[in-house]
file protein_9.tsv (TSV, C-alpha atoms)
chain	number	residue	atom	x	y	z
A	1214	MET	CA	-34.49	7.91	14.92
A	1215	LYS	CA	-32.85	11.34	14.81
A	1216	THR	CA	-30.28	10.22	17.39
A	1217	ALA	CA	-29.48	7.07	15.43
A	1218	VAL	CA	-28.88	9.07	12.24
A	1219	LEU	CA	-26.62	11.54	14.08
A	1220	MET	CA	-24.62	8.71	15.66
A	1221	THR	CA	-24.19	7.01	12.28
A	1222	VAL	CA	-22.97	10.25	10.69
A	1223	ALA	CA	-20.56	10.81	13.60
A	1224	LEU	CA	-19.11	7.28	13.30
A	1225	LEU	CA	-18.67	7.62	9.55
A	1226	THR	CA	-16.97	10.97	10.02
A	1227	LEU	CA	-14.56	9.56	12.60
A	1228	GLY	CA	-13.82	6.59	10.36
A	1229	ALA	CA	-12.88	8.96	7.55
A	1230	CYS	CA	-10.22	10.53	9.79
A	1231	VAL	CA	-8.14	7.34	10.00
A	1232	THR	CA	-4.87	7.91	8.14
A	1233	ASN	CA	-3.16	4.55	8.61
A	1234	THR	CA	-3.42	2.65	5.33
A	1235	ALA	CA	-1.18	-0.24	6.31
A	1236	GLY	CA	-2.46	-3.59	7.44
A	1237	ILE	CA	0.92	-4.70	8.76
A	1238	TYR	CA	3.96	-2.62	9.78
A	1239	ALA	CA	7.46	-3.86	10.59
A	1240	ASN	CA	10.93	-2.36	10.68
A	1241	SER	CA	14.51	-3.54	10.65
A	1242	GLN	CA	14.87	-2.54	14.32
A	1243	GLY	CA	12.53	-5.33	15.42
A	1244	VAL	CA	9.18	-3.54	15.73
A	1245	ASN	CA	6.19	-5.44	14.32
A	1246	ARG	CA	2.57	-4.26	14.41
A	1247	VAL	CA	-0.68	-5.53	12.92
A	1248	ASP	CA	-3.11	-2.66	12.35
A	1249	ASN	CA	-5.70	-4.73	10.50
A	1250	VAL	CA	-6.51	-8.08	12.11
A	1251	SER	CA	-8.17	-9.38	8.94
A	1252	ILE	CA	-5.00	-9.03	6.85
A	1253	GLY	CA	-2.90	-10.14	9.82
A	1254	ARG	CA	-4.59	-13.55	9.63
A	1255	LYS	CA	-3.87	-13.83	5.90
A	1256	VAL	CA	-0.24	-12.70	5.63
A	1257	SER	CA	2.79	-12.13	7.84
A	1258	LEU	CA	6.06	-10.23	7.54
A	1259	GLU	CA	9.13	-12.24	8.50
A	1260	SER	CA	12.93	-12.00	8.41
A	1261	ILE	CA	13.15	-8.20	8.19
A	1262	LYS	CA	16.82	-7.28	7.91
A	1263	ALA	CA	19.04	-4.37	6.80
A	1264	TYR	CA	22.61	-5.09	5.72
A	1265	PRO	CA	25.56	-3.14	4.23
A	1266	ASP	CA	25.81	-3.41	0.47
A	1267	GLY	CA	28.56	-1.49	-1.32
A	1268	GLY	CA	28.59	1.70	0.74
A	1269	GLN	CA	24.89	1.91	1.50
A	1270	LEU	CA	22.25	-0.26	3.12
A	1271	SER	CA	19.97	-2.75	1.49
A	1272	GLY	CA	17.17	-4.61	3.17
A	1273	TYR	CA	14.74	-7.43	2.70
A	1274	ALA	CA	11.57	-8.83	4.22
A	1275	THR	CA	9.66	-12.03	3.56
A	1276	LEU	CA	5.91	-11.91	2.95
A	1277	ARG	CA	4.23	-15.21	3.82
A	1278	SER	CA	0.66	-16.13	2.83
A	1279	HIS	CA	-1.44	-18.12	5.31
A	1280	THR	CA	-4.32	-18.70	2.88
A	1281	SER	CA	-5.01	-21.12	0.04
A	1282	TYR	CA	-6.08	-18.37	-2.37
A	1283	ASN	CA	-4.37	-15.42	-4.08
A	1284	LEU	CA	-3.75	-12.23	-2.09
A	1285	ASN	CA	-3.39	-8.96	-3.97
A	1286	LEU	CA	-1.23	-6.74	-1.81
A	1287	GLN	CA	0.87	-3.60	-1.93
A	1288	TYR	CA	4.00	-2.87	0.06
A	1289	ARG	CA	6.00	0.30	0.67
A	1290	VAL	CA	9.51	0.62	2.07
A	1291	THR	CA	10.69	3.83	3.76
A	1292	TRP	CA	14.32	4.43	4.77
A	1293	TYR	CA	15.41	6.49	7.82
A	1294	ASP	CA	18.67	8.08	8.97
A	1295	ALA	CA	20.25	7.76	12.43
A	1296	ASN	CA	18.07	10.65	13.69
A	1297	ASN	CA	14.89	8.81	12.61
A	1298	ASN	CA	14.22	11.24	9.77
A	1299	SER	CA	12.75	9.68	6.65
A	1300	ILE	CA	14.92	9.79	3.55
A	1301	ASP	CA	13.20	10.63	0.27
A	1302	ALA	CA	9.83	9.43	1.66
A	1303	GLU	CA	7.80	11.47	-0.83
A	1304	ASN	CA	9.20	9.32	-3.66
A	1305	MET	CA	8.41	5.97	-2.00
A	1306	SER	CA	5.39	4.48	-3.72
A	1307	TRP	CA	3.23	1.43	-3.07
A	1308	VAL	CA	4.40	-1.61	-5.05
A	1309	PRO	CA	1.86	-4.29	-6.04
A	1310	VAL	CA	2.58	-7.96	-5.28
A	1311	THR	CA	0.40	-11.05	-5.58
A	1312	LEU	CA	0.91	-13.92	-3.17
A	1313	HIS	CA	-0.49	-17.23	-4.33
A	1314	GLY	CA	-1.80	-19.80	-1.86
A	1315	PHE	CA	0.68	-20.34	0.98
A	1316	GLN	CA	3.45	-18.71	-1.06
A	1317	GLN	CA	6.28	-16.72	0.45
A	1318	VAL	CA	8.03	-13.90	-1.41
A	1319	GLN	CA	11.13	-11.97	-0.43
A	1320	VAL	CA	10.99	-8.26	-1.27
A	1321	LYS	CA	14.17	-6.18	-1.37
A	1322	SER	CA	15.04	-2.50	-1.27
A	1323	THR	CA	18.19	-0.42	-1.39
A	1324	ALA	CA	18.52	2.84	0.52
A	1325	PRO	CA	18.42	5.96	-1.66
A	1326	ASN	CA	21.72	7.20	-0.17
A	1327	GLY	CA	24.46	6.36	2.31
A	1328	ARG	CA	22.82	8.16	5.27
A	1329	ALA	CA	20.24	5.41	5.86
A	1330	SER	CA	20.49	3.35	9.03
A	1331	TRP	CA	17.17	1.45	9.08
A	1332	PHE	CA	13.92	0.92	7.16
A	1333	ASP	CA	10.29	0.08	7.66
A	1334	ILE	CA	7.86	-1.80	5.47
A	1335	GLN	CA	4.09	-1.52	5.33
A	1336	ILE	CA	1.73	-4.04	3.75
A	1337	ARG	CA	-1.87	-3.42	2.74
A	1338	GLU	CA	-4.45	-5.42	0.86
A	1339	ILE	CA	-5.82	-4.20	-2.46
A	1340	ILE	CA	-9.59	-4.19	-2.21
A	1341	PRO	CA	-11.27	-4.35	-5.65
A	1342	ASN	CA	-14.01	-1.81	-6.34
call {"tool": "encode", "arguments": {"input": "protein_9.tsv", "output": "structure tokens"}}
result
Amino acid sequence: MKTAVLMTVALLTLGACVTNTAGIYANSQGVNRVDNVSIGRKVSLESIKAYPDGGQLSGYATLRSHTSYNLNLQYRVTWYDANNNSIDAENMSWVPVTLHGFQQVQVKSTAPNGRASWFDIQIREIIPN
């Protein structure tokens, strides 16, 4: 019994150390990763692209629902320079978005300055309390 309690406490402690809050990650350089299989079955990120727009970059990604019910999600876009340093990352916040059954939504972002060369986007599900 004592061993079972200690193992449970250890597993809960290790679980609390996980810092990745994204369910899905993708970037405009072609990297895609699903960190949460449950959300990966419900939604996908498609058509991630950065393009020049009046002296700085803009980008878009398409979120596609694979379920018949509403999904309450958040996404966050972070821009990077040519040296892979994030640009103004501390001011990038999570943005709520609701996808209705089998809906697809295009989300857009513009780089905060002209130094940006690529971006990434993270998606996570909002879990009600």
call {"tool": "residues_near_point", "arguments": {"input": "protein_9.tsv", "point": "(-2.4, -6.0, -4.9)", "cutoff": "6 Å", "atoms": "only C-alpha atoms", "output": "list of chain:residue names"}}
result
A:Asn1285, A:Leu1286, A:Gln1287, A:Pro1309, A:Val1310, A:Thr1311, A:Ile1339
call {"tool": "closest_residue", "arguments": {"input": "protein_9.tsv", "among": "A:Ala1295, A:Ala1329, A:Ser1322, A:Glu1338", "to": "Ser1251 (chain A)", "atoms": "only C-alpha atoms"}}
result
A:Glu1338
call {"tool": "closest_residue", "arguments": {"input": "protein_9.tsv", "among": "A:Met1305, A:Ile1252, A:Leu1312, A:Ala1324", "to": "Leu1270 (chain A)", "atoms": "only C-alpha atoms"}}
result
A:Ala1324
call {"tool": "residues_around", "arguments": {"input": "protein_9.tsv", "residues": "Gly1243 (chain A)", "least_positions_apart": "2", "cutoff": "10 Å", "atoms": "only C-alpha atoms", "output": "PyMOL selection string"}}
result
chain A and resi 1239-1241+1245+1260-1262+1333
call {"tool": "residues_around", "arguments": {"input": "protein_9.tsv", "residues": "Tyr1288 (chain A)", "least_positions_apart": "2", "cutoff": "7 Å", "atoms": "all atoms listed in the file", "output": "list in words"}}
result
Leu1286, Val1290, Trp1307, Val1308, Pro1309, Ile1334, Gln1335, Ile1336 and Arg1337 of chain A
call {"tool": "write_last_selection", "arguments": {"input": "protein_9.tsv", "atoms": "C-alpha atoms", "output": "PDB file, in the frame of the given file"}}
result
ATOM      1  CA  LEU A1286      -1.230  -6.740  -1.810  1.00  0.00           C
ATOM      2  CA  VAL A1290       9.510   0.620   2.070  1.00  0.00           C
ATOM      3  CA  TRP A1307       3.230   1.430  -3.070  1.00  0.00           C
ATOM      4  CA  VAL A1308       4.400  -1.610  -5.050  1.00  0.00           C
ATOM      5  CA  PRO A1309       1.860  -4.290  -6.040  1.00  0.00           C
ATOM      6  CA  ILE A1334       7.860  -1.800   5.470  1.00  0.00           C
ATOM      7  CA  GLN A1335       4.090  -1.520   5.330  1.00  0.00           C
ATOM      8  CA  ILE A1336       1.730  -4.040   3.750  1.00  0.00           C
ATOM      9  CA  ARG A1337      -1.870  -3.420   2.740  1.00  0.00           C
TER      10      ARG A1337
END
call {"tool": "closest_residue", "arguments": {"input": "protein_9.tsv", "among": "A:Ala1274, A:Val1320, A:Leu1284, A:Ile1340", "to": "Arg1254 (chain A)", "atoms": "all atoms listed in the file"}}
result
A:Leu1284
call {"tool": "atom_distance", "arguments": {"input": "protein_9.tsv", "atom1": "CA of Asp1266 (chain A)", "atom2": "CA of Glu1303 (chain A)"}}
result
23.4 Å
call {"tool": "closest_residue", "arguments": {"input": "protein_9.tsv", "among": "A:Thr1280, A:Ser1271, A:Thr1323, A:Asn1304", "to": "Gly1253 (chain A)", "atoms": "only C-alpha atoms"}}
result
A:Thr1280
call {"tool": "atom_distance", "arguments": {"input": "protein_9.tsv", "atom1": "CA of Val1250 (chain A)", "atom2": "CA of Ser1330 (chain A)"}}
result
29.5 Å
call {"tool": "atom_distance", "arguments": {"input": "protein_9.tsv", "atom1": "CA of Gly1268 (chain A)", "atom2": "CA of Asp1301 (chain A)"}}
result
17.8 Å
call {"tool": "closest_residue", "arguments": {"input": "protein_9.tsv", "among": "A:Lys1321, A:His1313, A:Arg1246, A:Arg1328", "to": "Asn1296 (chain A)", "atoms": "all atoms listed in the file"}}
result
A:Arg1328
call {"tool": "axis_aligned_box", "arguments": {"input": "protein_9.tsv", "around": "region 1316-1321 of chain A", "padding_each_side": "5 Å", "output": "JSON"}}
result
{"center_x": 8.8, "center_y": -12.4, "center_z": -0.5, "size_x": 20.7, "size_y": 22.5, "size_z": 11.9}
call {"tool": "closest_residue", "arguments": {"input": "protein_9.tsv", "among": "A:Ser1281, A:Ser1306, A:Thr1275, A:Ser1257", "to": "Gln1319 (chain A)", "atoms": "all atoms listed in the file"}}
result
A:Thr1275
call {"tool": "decode", "arguments": {"input": "protein_9.tsv", "residues": "region 1229-1263 of chain A", "atoms": "N, CA, C and O atoms", "output": "PDB file, in the first residue's frame"}}
result
ATOM      1  N   ALA A1229       3.168  17.011 -13.349  1.00  0.00           N
ATOM      2  CA  ALA A1229       3.118  18.455 -13.120  1.00  0.00           C
ATOM      3  C   ALA A1229       4.298  19.176 -13.755  1.00  0.00           C
ATOM      4  O   ALA A1229       4.264  20.381 -13.929  1.00  0.00           O
ATOM      5  N   CYS A1230       5.337  18.450 -14.121  1.00  0.00           N
ATOM      6  CA  CYS A1230       6.534  19.061 -14.706  1.00  0.00           C
ATOM      7  C   CYS A1230       6.407  19.286 -16.209  1.00  0.00           C
ATOM      8  O   CYS A1230       7.252  19.907 -16.816  1.00  0.00           O
ATOM      9  N   VAL A1231       5.380  18.762 -16.827  1.00  0.00           N
ATOM     10  CA  VAL A1231       5.197  18.916 -18.268  1.00  0.00           C
ATOM     11  C   VAL A1231       4.869  20.372 -18.576  1.00  0.00           C
ATOM     12  O   VAL A1231       3.952  20.946 -18.015  1.00  0.00           O
ATOM     13  N   THR A1232       5.655  20.983 -19.483  1.00  0.00           N
ATOM     14  CA  THR A1232       5.468  22.395 -19.796  1.00  0.00           C
ATOM     15  C   THR A1232       4.778  22.630 -21.130  1.00  0.00           C
ATOM     16  O   THR A1232       4.398  23.744 -21.426  1.00  0.00           O
ATOM     17  N   ASN A1233       4.646  21.614 -21.952  1.00  0.00           N
ATOM     18  CA  ASN A1233       4.049  21.785 -23.269  1.00  0.00           C
ATOM     19  C   ASN A1233       2.532  21.878 -23.132  1.00  0.00           C
ATOM     20  O   ASN A1233       1.882  20.935 -22.730  1.00  0.00           O
ATOM     21  N   THR A1234       1.974  23.027 -23.479  1.00  0.00           N
ATOM     22  CA  THR A1234       0.533  23.215 -23.358  1.00  0.00           C
ATOM     23  C   THR A1234      -0.168  23.075 -24.692  1.00  0.00           C
ATOM     24  O   THR A1234      -1.381  23.200 -24.757  1.00  0.00           O
ATOM     25  N   ALA A1235       0.574  22.830 -25.746  1.00  0.00           N
ATOM     26  CA  ALA A1235      -0.045  22.742 -27.069  1.00  0.00           C
ATOM     27  C   ALA A1235      -0.491  21.323 -27.346  1.00  0.00           C
ATOM     28  O   ALA A1235       0.129  20.353 -26.930  1.00  0.00           O
ATOM     29  N   GLY A1236      -1.578  21.197 -28.062  1.00  0.00           N
ATOM     30  CA  GLY A1236      -2.013  19.899 -28.529  1.00  0.00           C
ATOM     31  C   GLY A1236      -1.436  19.610 -29.897  1.00  0.00           C
ATOM     32  O   GLY A1236      -1.081  18.500 -30.222  1.00  0.00           O
ATOM     33  N   ILE A1237      -1.320  20.665 -30.702  1.00  0.00           N
ATOM     34  CA  ILE A1237      -0.783  20.544 -32.061  1.00  0.00           C
ATOM     35  C   ILE A1237       0.176  21.712 -32.307  1.00  0.00           C
ATOM     36  O   ILE A1237      -0.109  22.846 -31.934  1.00  0.00           O
ATOM     37  N   TYR A1238       1.307  21.427 -32.940  1.00  0.00           N
ATOM     38  CA  TYR A1238       2.311  22.436 -33.272  1.00  0.00           C
ATOM     39  C   TYR A1238       2.608  22.315 -34.761  1.00  0.00           C
ATOM     40  O   TYR A1238       2.715  21.209 -35.301  1.00  0.00           O
ATOM     41  N   ALA A1239       2.737  23.448 -35.425  1.00  0.00           N
ATOM     42  CA  ALA A1239       3.168  23.460 -36.828  1.00  0.00           C
ATOM     43  C   ALA A1239       3.891  24.775 -37.084  1.00  0.00           C
ATOM     44  O   ALA A1239       3.686  25.756 -36.367  1.00  0.00           O
ATOM     45  N   ASN A1240       4.760  24.781 -38.085  1.00  0.00           N
ATOM     46  CA  ASN A1240       5.404  26.042 -38.452  1.00  0.00           C
ATOM     47  C   ASN A1240       5.447  26.204 -39.960  1.00  0.00           C
ATOM     48  O   ASN A1240       5.163  25.275 -40.711  1.00  0.00           O
ATOM     49  N   SER A1241       5.792  27.403 -40.373  1.00  0.00           N
ATOM     50  CA  SER A1241       5.782  27.735 -41.799  1.00  0.00           C
ATOM     51  C   SER A1241       6.981  27.147 -42.541  1.00  0.00           C
ATOM     52  O   SER A1241       7.092  27.323 -43.751  1.00  0.00           O
ATOM     53  N   GLN A1242       7.846  26.423 -41.818  1.00  0.00           N
ATOM     54  CA  GLN A1242       8.972  25.744 -42.453  1.00  0.00           C
ATOM     55  C   GLN A1242       8.664  24.276 -42.726  1.00  0.00           C
ATOM     56  O   GLN A1242       9.526  23.535 -43.146  1.00  0.00           O
ATOM     57  N   GLY A1243       7.429  23.852 -42.443  1.00  0.00           N
ATOM     58  CA  GLY A1243       7.009  22.502 -42.789  1.00  0.00           C
ATOM     59  C   GLY A1243       7.011  21.487 -41.659  1.00  0.00           C
ATOM     60  O   GLY A1243       6.739  20.316 -41.891  1.00  0.00           O
ATOM     61  N   VAL A1244       7.312  21.908 -40.435  1.00  0.00           N
ATOM     62  CA  VAL A1244       7.309  20.984 -39.303  1.00  0.00           C
ATOM     63  C   VAL A1244       5.901  20.913 -38.725  1.00  0.00           C
ATOM     64  O   VAL A1244       5.276  21.940 -38.473  1.00  0.00           O
ATOM     65  N   ASN A1245       5.408  19.701 -38.533  1.00  0.00           N
ATOM     66  CA  ASN A1245       4.101  19.469 -37.911  1.00  0.00           C
ATOM     67  C   ASN A1245       4.286  18.425 -36.818  1.00  0.00           C
ATOM     68  O   ASN A1245       4.991  17.430 -37.012  1.00  0.00           O
ATOM     69  N   ARG A1246       3.622  18.645 -35.672  1.00  0.00           N
ATOM     70  CA  ARG A1246       3.757  17.710 -34.558  1.00  0.00           C
ATOM     71  C   ARG A1246       2.449  17.686 -33.765  1.00  0.00           C
ATOM     72  O   ARG A1246       1.881  18.727 -33.474  1.00  0.00           O
ATOM     73  N   VAL A1247       2.002  16.496 -33.409  1.00  0.00           N
ATOM     74  CA  VAL A1247       0.834  16.341 -32.551  1.00  0.00           C
ATOM     75  C   VAL A1247       1.333  15.878 -31.190  1.00  0.00           C
ATOM     76  O   VAL A1247       1.891  14.789 -31.064  1.00  0.00           O
ATOM     77  N   ASP A1248       1.156  16.723 -30.174  1.00  0.00           N
ATOM     78  CA  ASP A1248       1.604  16.403 -28.829  1.00  0.00           C
ATOM     79  C   ASP A1248       0.496  15.795 -27.982  1.00  0.00           C
ATOM     80  O   ASP A1248       0.748  15.286 -26.906  1.00  0.00           O
ATOM     81  N   ASN A1249      -0.734  15.888 -28.442  1.00  0.00           N
ATOM     82  CA  ASN A1249      -1.878  15.369 -27.720  1.00  0.00           C
ATOM     83  C   ASN A1249      -2.732  14.614 -28.733  1.00  0.00           C
ATOM     84  O   ASN A1249      -3.412  15.221 -29.559  1.00  0.00           O
ATOM     85  N   VAL A1250      -2.692  13.290 -28.672  1.00  0.00           N
ATOM     86  CA  VAL A1250      -3.375  12.462 -29.656  1.00  0.00           C
ATOM     87  C   VAL A1250      -4.877  12.717 -29.649  1.00  0.00           C
ATOM     88  O   VAL A1250      -5.520  12.719 -30.698  1.00  0.00           O
ATOM     89  N   SER A1251      -5.444  12.978 -28.488  1.00  0.00           N
ATOM     90  CA  SER A1251      -6.884  13.215 -28.384  1.00  0.00           C
ATOM     91  C   SER A1251      -7.306  14.418 -29.229  1.00  0.00           C
ATOM     92  O   SER A1251      -8.252  14.331 -30.012  1.00  0.00           O
ATOM     93  N   ILE A1252      -6.608  15.527 -29.095  1.00  0.00           N
ATOM     94  CA  ILE A1252      -6.948  16.710 -29.898  1.00  0.00           C
ATOM     95  C   ILE A1252      -6.541  16.504 -31.358  1.00  0.00           C
ATOM     96  O   ILE A1252      -7.183  17.012 -32.263  1.00  0.00           O
ATOM     97  N   GLY A1253      -5.502  15.718 -31.587  1.00  0.00           N
ATOM     98  CA  GLY A1253      -5.065  15.439 -32.952  1.00  0.00           C
ATOM     99  C   GLY A1253      -6.103  14.695 -33.768  1.00  0.00           C
ATOM    100  O   GLY A1253      -6.139  14.801 -34.989  1.00  0.00           O
ATOM    101  N   ARG A1254      -6.978  13.935 -33.093  1.00  0.00           N
ATOM    102  CA  ARG A1254      -8.071  13.249 -33.787  1.00  0.00           C
ATOM    103  C   ARG A1254      -9.214  14.210 -34.105  1.00  0.00           C
ATOM    104  O   ARG A1254     -10.005  13.965 -35.001  1.00  0.00           O
ATOM    105  N   LYS A1255      -9.323  15.283 -33.341  1.00  0.00           N
ATOM    106  CA  LYS A1255     -10.457  16.204 -33.462  1.00  0.00           C
ATOM    107  C   LYS A1255     -10.208  17.356 -34.426  1.00  0.00           C
ATOM    108  O   LYS A1255     -11.127  17.889 -35.030  1.00  0.00           O
ATOM    109  N   VAL A1256      -8.955  17.793 -34.535  1.00  0.00           N
ATOM    110  CA  VAL A1256      -8.652  18.986 -35.332  1.00  0.00           C
ATOM    111  C   VAL A1256      -7.293  18.820 -35.997  1.00  0.00           C
ATOM    112  O   VAL A1256      -6.420  18.114 -35.481  1.00  0.00           O
ATOM    113  N   SER A1257      -7.122  19.458 -37.147  1.00  0.00           N
ATOM    114  CA  SER A1257      -5.814  19.447 -37.810  1.00  0.00           C
ATOM    115  C   SER A1257      -5.457  20.856 -38.249  1.00  0.00           C
ATOM    116  O   SER A1257      -6.327  21.709 -38.431  1.00  0.00           O
ATOM    117  N   LEU A1258      -4.165  21.082 -38.402  1.00  0.00           N
ATOM    118  CA  LEU A1258      -3.620  22.336 -38.932  1.00  0.00           C
ATOM    119  C   LEU A1258      -3.185  22.077 -40.362  1.00  0.00           C
ATOM    120  O   LEU A1258      -2.435  21.136 -40.626  1.00  0.00           O
ATOM    121  N   GLU A1259      -3.650  22.904 -41.281  1.00  0.00           N
ATOM    122  CA  GLU A1259      -3.344  22.709 -42.696  1.00  0.00           C
ATOM    123  C   GLU A1259      -2.954  24.035 -43.335  1.00  0.00           C
ATOM    124  O   GLU A1259      -3.246  25.099 -42.810  1.00  0.00           O
ATOM    125  N   SER A1260      -2.291  23.955 -44.478  1.00  0.00           N
ATOM    126  CA  SER A1260      -1.968  25.125 -45.305  1.00  0.00           C
ATOM    127  C   SER A1260      -1.268  26.225 -44.513  1.00  0.00           C
ATOM    128  O   SER A1260      -1.675  27.384 -44.552  1.00  0.00           O
ATOM    129  N   ILE A1261      -0.205  25.881 -43.802  1.00  0.00           N
ATOM    130  CA  ILE A1261       0.546  26.873 -43.035  1.00  0.00           C
ATOM    131  C   ILE A1261       1.510  27.566 -43.996  1.00  0.00           C
ATOM    132  O   ILE A1261       2.316  26.910 -44.661  1.00  0.00           O
ATOM    133  N   LYS A1262       1.405  28.890 -44.082  1.00  0.00           N
ATOM    134  CA  LYS A1262       2.219  29.604 -45.063  1.00  0.00           C
ATOM    135  C   LYS A1262       2.543  31.009 -44.584  1.00  0.00           C
ATOM    136  O   LYS A1262       1.691  31.698 -44.038  1.00  0.00           O
ATOM    137  N   ALA A1263       3.785  31.439 -44.799  1.00  0.00           N
ATOM    138  CA  ALA A1263       4.217  32.827 -44.570  1.00  0.00           C
ATOM    139  C   ALA A1263       4.427  33.464 -45.944  1.00  0.00           C
ATOM    140  O   ALA A1263       4.896  32.818 -46.881  1.00  0.00           O
TER     141      ALA A1263
END
